[in-house]
file data.cif (mmCIF, C-alpha atoms)
data_target
#
loop_
_atom_site.group_PDB
_atom_site.id
_atom_site.type_symbol
_atom_site.label_atom_id
_atom_site.label_comp_id
_atom_site.auth_asym_id
_atom_site.auth_seq_id
_atom_site.Cartn_x
_atom_site.Cartn_y
_atom_site.Cartn_z
ATOM 1 C CA MET A 610 39.565 140.006 -45.651
ATOM 2 C CA ARG A 611 38.784 137.011 -47.851
ATOM 3 C CA ARG A 612 41.054 133.982 -47.546
ATOM 4 C CA CYS A 613 41.236 130.816 -49.595
ATOM 5 C CA ASN A 614 39.663 128.003 -47.584
ATOM 6 C CA LEU A 615 42.352 125.610 -48.820
ATOM 7 C CA CYS A 616 45.670 127.461 -48.689
ATOM 8 C CA GLY A 617 44.907 130.655 -46.760
ATOM 9 C CA SER A 618 45.977 132.979 -49.596
ATOM 10 C CA THR A 619 44.368 136.421 -49.834
ATOM 11 C CA HIS A 620 45.363 136.917 -53.485
ATOM 12 C CA ASP A 621 42.687 136.617 -56.212
ATOM 13 C CA VAL A 622 40.103 134.960 -53.936
ATOM 14 C CA THR A 623 36.536 134.386 -55.189
ATOM 15 C CA ARG A 624 33.503 132.377 -54.126
ATOM 16 C CA HIS A 625 33.450 128.898 -55.623
ATOM 17 C CA HIS A 626 30.480 126.525 -55.898
ATOM 18 C CA VAL A 627 31.905 123.430 -54.212
ATOM 19 C CA GLY A 628 29.051 121.102 -55.155
ATOM 20 C CA GLY A 629 28.720 122.546 -58.644
ATOM 21 C CA GLU A 630 26.747 125.697 -59.483
ATOM 22 C CA LYS A 631 24.050 123.664 -61.253
ATOM 23 C CA PHE A 632 23.638 121.221 -58.376
ATOM 24 C CA ILE A 633 24.035 123.036 -55.029
ATOM 25 C CA ALA A 634 24.242 126.739 -55.882
ATOM 26 C CA TRP A 635 24.132 127.867 -52.234
ATOM 27 C CA PHE A 636 27.174 125.805 -51.123
ATOM 28 C CA THR A 637 30.179 128.053 -51.710
ATOM 29 C CA MET A 638 33.707 128.432 -50.343
ATOM 30 C CA TRP A 639 36.406 131.021 -50.897
ATOM 31 C CA LEU A 640 39.144 129.771 -53.221
ATOM 32 C CA CYS A 641 42.147 131.514 -54.721
ATOM 33 C CA ALA A 642 42.667 131.188 -58.465
ATOM 34 C CA ARG A 643 45.477 128.641 -57.982
ATOM 35 C CA CYS A 644 43.435 126.332 -55.729
ATOM 36 C CA GLN A 645 40.413 126.618 -58.020
ATOM 37 C CA VAL A 646 42.548 125.440 -60.966
ATOM 38 C CA ILE A 647 43.828 122.498 -58.872
ATOM 39 C CA PHE A 648 40.298 121.666 -57.683
ATOM 40 C CA HIS A 649 38.947 121.506 -61.233
ATOM 41 C CA ALA A 650 41.954 119.546 -62.495
ATOM 42 C CA ARG A 651 41.257 116.944 -59.815
ATOM 43 C CA GLN A 652 37.553 117.026 -60.660
ATOM 44 C CA ARG A 653 38.351 116.238 -64.300
ATOM 45 C CA ALA A 654 40.862 113.551 -63.309
ATOM 46 C CA ALA A 655 38.202 111.954 -61.080
ATOM 47 C CA GLY A 656 35.754 111.962 -63.991
ATOM 48 C CA ILE A 657 33.106 114.023 -62.169
ATOM 49 C CA ASP A 658 30.636 115.328 -64.750
ATOM 50 C CA LEU A 659 29.408 118.853 -63.980
ATOM 51 C CA ARG A 660 26.991 119.084 -66.896
ATOM 52 C CA PHE A 661 23.360 119.676 -66.003
ATOM 53 C CA THR A 662 21.039 116.698 -65.857
ATOM 54 C CA PRO A 663 17.279 116.805 -65.263
ATOM 55 C CA ASN A 664 17.560 113.823 -62.905
ATOM 56 C CA PRO A 665 17.663 115.211 -59.318
ATOM 57 C CA LYS A 666 19.282 112.055 -57.923
ATOM 58 C CA VAL A 667 22.122 112.205 -60.455
ATOM 59 C CA ARG A 668 22.594 115.911 -59.636
ATOM 60 C CA LEU A 669 22.850 115.040 -55.941
ATOM 61 C CA ILE A 670 25.384 112.274 -56.646
ATOM 62 C CA ARG A 671 27.526 114.682 -58.688
ATOM 63 C CA ALA A 672 27.296 117.346 -55.980
ATOM 64 C CA LEU A 673 28.306 114.847 -53.300
ATOM 65 C CA LYS A 674 31.283 113.688 -55.375
ATOM 66 C CA MET A 675 32.454 117.309 -55.680
ATOM 67 C CA THR A 676 31.961 117.817 -51.943
ATOM 68 C CA VAL A 677 33.989 114.696 -51.117
ATOM 69 C CA LEU A 678 36.729 115.909 -53.467
ATOM 70 C CA PHE A 679 36.802 119.262 -51.677
ATOM 71 C CA MET A 680 36.959 117.524 -48.285
ATOM 72 C CA TRP A 681 39.860 115.397 -49.592
ATOM 73 C CA MET A 682 41.715 118.574 -50.543
ATOM 74 C CA LEU A 683 41.050 120.041 -47.083
ATOM 75 C CA LEU A 684 42.453 116.879 -45.493
ATOM 76 C CA ASP A 685 45.538 117.068 -47.734
ATOM 77 C CA MET A 686 46.077 120.668 -46.639
ATOM 78 C CA LEU A 687 45.740 119.740 -42.967
ATOM 79 C CA GLU A 688 48.101 116.791 -43.388
ATOM 80 C CA ARG A 689 50.730 119.023 -45.033
ATOM 81 C CA GLU A 690 50.337 121.519 -42.187
ATOM 82 C CA ILE A 691 51.032 118.912 -39.501
ATOM 83 C CA ASP A 692 53.472 116.766 -41.496
ATOM 84 C CA PRO A 693 56.637 118.035 -39.717
ATOM 85 C CA GLU A 694 55.022 117.101 -36.403
ATOM 86 C CA ILE A 695 54.049 113.681 -37.725
ATOM 87 C CA ARG A 696 57.613 113.042 -38.976
ATOM 88 C CA LYS A 697 59.073 113.876 -35.538
ATOM 89 C CA ASN A 698 56.760 111.419 -33.786
ATOM 90 C CA ARG A 699 56.934 108.639 -36.380
ATOM 91 C CA PRO A 700 59.103 105.628 -35.474
ATOM 92 C CA ALA A 701 62.129 105.067 -37.681
ATOM 93 C CA LYS A 702 61.536 102.899 -40.745
ATOM 94 C CA PRO A 703 63.206 99.511 -40.625
ATOM 95 C CA LYS A 704 65.983 99.167 -43.204
ATOM 96 C CA LEU A 705 65.411 96.853 -46.107
ATOM 97 C CA LYS A 706 68.080 94.295 -46.918
ATOM 98 C CA SER A 707 68.958 96.118 -50.131
ATOM 99 C CA GLU A 708 69.497 99.396 -48.224
ATOM 100 C CA ASP A 709 72.224 98.108 -45.875
ATOM 101 C CA GLY A 710 73.902 95.846 -48.445
ATOM 102 C CA LYS A 711 72.941 92.509 -46.822
#
call {"tool": "encode", "arguments": {"input": "data.cif", "output": "C-alpha cells"}}
result
Amino acid sequence: MRRCNLCGSTHDVTRHHVGGEKFIAWFTMWLCARCQVIFHARQRAAGIDLRFTPNPKVRLIRALKMTVLFMWMLLDMLEREIDPEIRKNRPAKPKLKSEDGK
C-alpha cells in the first residue's frame, strides 16, 4: 500500500519528483495530494524556479533547493510527531515581569 512520505496518508497518493521532474527525474517520493499542494506552496514562497534551464549547474542548484525543502518538511513532520514528548521534558519557561504583574 502506498503511503505519503510526509504524513503517512494512503489517500490519493502519487509519485512526486522531489528535485523537480526537469532536474532529477529519477528522485521521487510518494506524496498525498494535500502534502503535494503544501510542498509546492512552500516552493513558490521560497522562490525556487522549476522552469527548465540549459545550464546544468543551475539545474543542480534548483534540484538541491527542492531537496532541502523536502528535507525541511520531513523534519517538521518528525518534530510534530515527537512534540508532546519534547514538551514533557522541556524545563518550565521563566515568567516575564509583565506576566506576573511585577
call {"tool": "residues_around", "arguments": {"input": "data.cif", "residues": "A:Asp621", "least_positions_apart": "4", "cutoff": "9 Å", "atoms": "all atoms listed in the file", "output": "list in words"}}
result
Cys613, Leu640, Cys641, Ala642 and Arg643 of chain A
call {"tool": "residues_around", "arguments": {"input": "data.cif", "residues": "A:Ala672", "least_positions_apart": "5", "cutoff": "12 Å", "atoms": "all atoms listed in the file", "output": "JSON, numbers by chain"}}
result
{"A": [626, 627, 628, 629, 630, 631, 632, 633, 634, 635, 636, 637, 652, 657, 658, 659, 660, 661, 662, 665, 666, 667, 677, 678, 679]}
call {"tool": "atom_distance", "arguments": {"input": "data.cif", "atom1": "atom CA of A:Glu690", "atom2": "atom CA of A:Leu673"}}
result
25.6 Å
call {"tool": "closest_residue", "arguments": {"input": "data.cif", "among": "A:Ala654, A:Cys644, A:Leu615, A:Val622", "to": "A:Leu683", "atoms": "only C-alpha atoms"}}
result
A:Leu615
call {"tool": "atom_distance", "arguments": {"input": "data.cif", "atom1": "atom CA of A:Ile647", "atom2": "atom CA of A:Asp685"}}
result
12.5 Å
call {"tool": "atom_distance", "arguments": {"input": "data.cif", "atom1": "atom CA of A:Trp681", "atom2": "atom CA of A:Met610"}}
result
24.9 Å
call {"tool": "resolve_selection", "arguments": {"input": "data.cif", "expression": "the PyMOL selection byres ((chain A and resi 639) around 6)", "output": "list in words"}}
result
Cys613, Asn614, Thr623, Arg624, His625, Met638 and Leu640 of chain A
call {"tool": "axis_aligned_box", "arguments": {"input": "data.cif", "around": "stretch 664-678 of chain A", "padding_each_side": "8 Å", "output": "AutoDock Vina command-line options"}}
result
--center_x 27.1 --center_y 114.9 --center_z -57.0 --size_x 35.2 --size_y 21.8 --size_z 27.8
call {"tool": "build_atoms", "arguments": {"input": "data.cif", "residues": "stretch 674-686 of chain A", "atoms": "N, CA and C atoms", "output": "PDB file, keeping the file's coordinate frame"}}
result
ATOM      1  N   LYS A 674      29.933 114.019 -54.919  1.00  0.00           N
ATOM      2  CA  LYS A 674      31.283 113.688 -55.375  1.00  0.00           C
ATOM      3  C   LYS A 674      32.190 114.918 -55.312  1.00  0.00           C
ATOM      4  N   MET A 675      31.664 116.079 -55.740  1.00  0.00           N
ATOM      5  CA  MET A 675      32.454 117.309 -55.680  1.00  0.00           C
ATOM      6  C   MET A 675      32.747 117.693 -54.234  1.00  0.00           C
ATOM      7  N   THR A 676      31.784 117.496 -53.361  1.00  0.00           N
ATOM      8  CA  THR A 676      31.961 117.817 -51.943  1.00  0.00           C
ATOM      9  C   THR A 676      33.015 116.914 -51.309  1.00  0.00           C
ATOM     10  N   VAL A 677      32.982 115.633 -51.632  1.00  0.00           N
ATOM     11  CA  VAL A 677      33.989 114.696 -51.117  1.00  0.00           C
ATOM     12  C   VAL A 677      35.376 115.082 -51.640  1.00  0.00           C
ATOM     13  N   LEU A 678      35.456 115.469 -52.900  1.00  0.00           N
ATOM     14  CA  LEU A 678      36.729 115.909 -53.467  1.00  0.00           C
ATOM     15  C   LEU A 678      37.264 117.126 -52.711  1.00  0.00           C
ATOM     16  N   PHE A 679      36.389 118.072 -52.416  1.00  0.00           N
ATOM     17  CA  PHE A 679      36.802 119.262 -51.677  1.00  0.00           C
ATOM     18  C   PHE A 679      37.276 118.878 -50.275  1.00  0.00           C
ATOM     19  N   MET A 680      36.551 117.975 -49.622  1.00  0.00           N
ATOM     20  CA  MET A 680      36.959 117.524 -48.285  1.00  0.00           C
ATOM     21  C   MET A 680      38.316 116.831 -48.351  1.00  0.00           C
ATOM     22  N   TRP A 681      38.571 116.062 -49.414  1.00  0.00           N
ATOM     23  CA  TRP A 681      39.860 115.397 -49.592  1.00  0.00           C
ATOM     24  C   TRP A 681      40.976 116.442 -49.675  1.00  0.00           C
ATOM     25  N   MET A 682      40.713 117.518 -50.419  1.00  0.00           N
ATOM     26  CA  MET A 682      41.715 118.574 -50.543  1.00  0.00           C
ATOM     27  C   MET A 682      41.947 119.279 -49.208  1.00  0.00           C
ATOM     28  N   LEU A 683      40.892 119.462 -48.425  1.00  0.00           N
ATOM     29  CA  LEU A 683      41.050 120.041 -47.083  1.00  0.00           C
ATOM     30  C   LEU A 683      41.900 119.133 -46.198  1.00  0.00           C
ATOM     31  N   LEU A 684      41.660 117.834 -46.273  1.00  0.00           N
ATOM     32  CA  LEU A 684      42.453 116.879 -45.493  1.00  0.00           C
ATOM     33  C   LEU A 684      43.912 116.884 -45.931  1.00  0.00           C
ATOM     34  N   ASP A 685      44.161 116.970 -47.234  1.00  0.00           N
ATOM     35  CA  ASP A 685      45.538 117.068 -47.734  1.00  0.00           C
ATOM     36  C   ASP A 685      46.232 118.297 -47.163  1.00  0.00           C
ATOM     37  N   MET A 686      45.510 119.425 -47.160  1.00  0.00           N
ATOM     38  CA  MET A 686      46.077 120.668 -46.639  1.00  0.00           C
ATOM     39  C   MET A 686      46.420 120.515 -45.158  1.00  0.00           C
TER      40      MET A 686
END
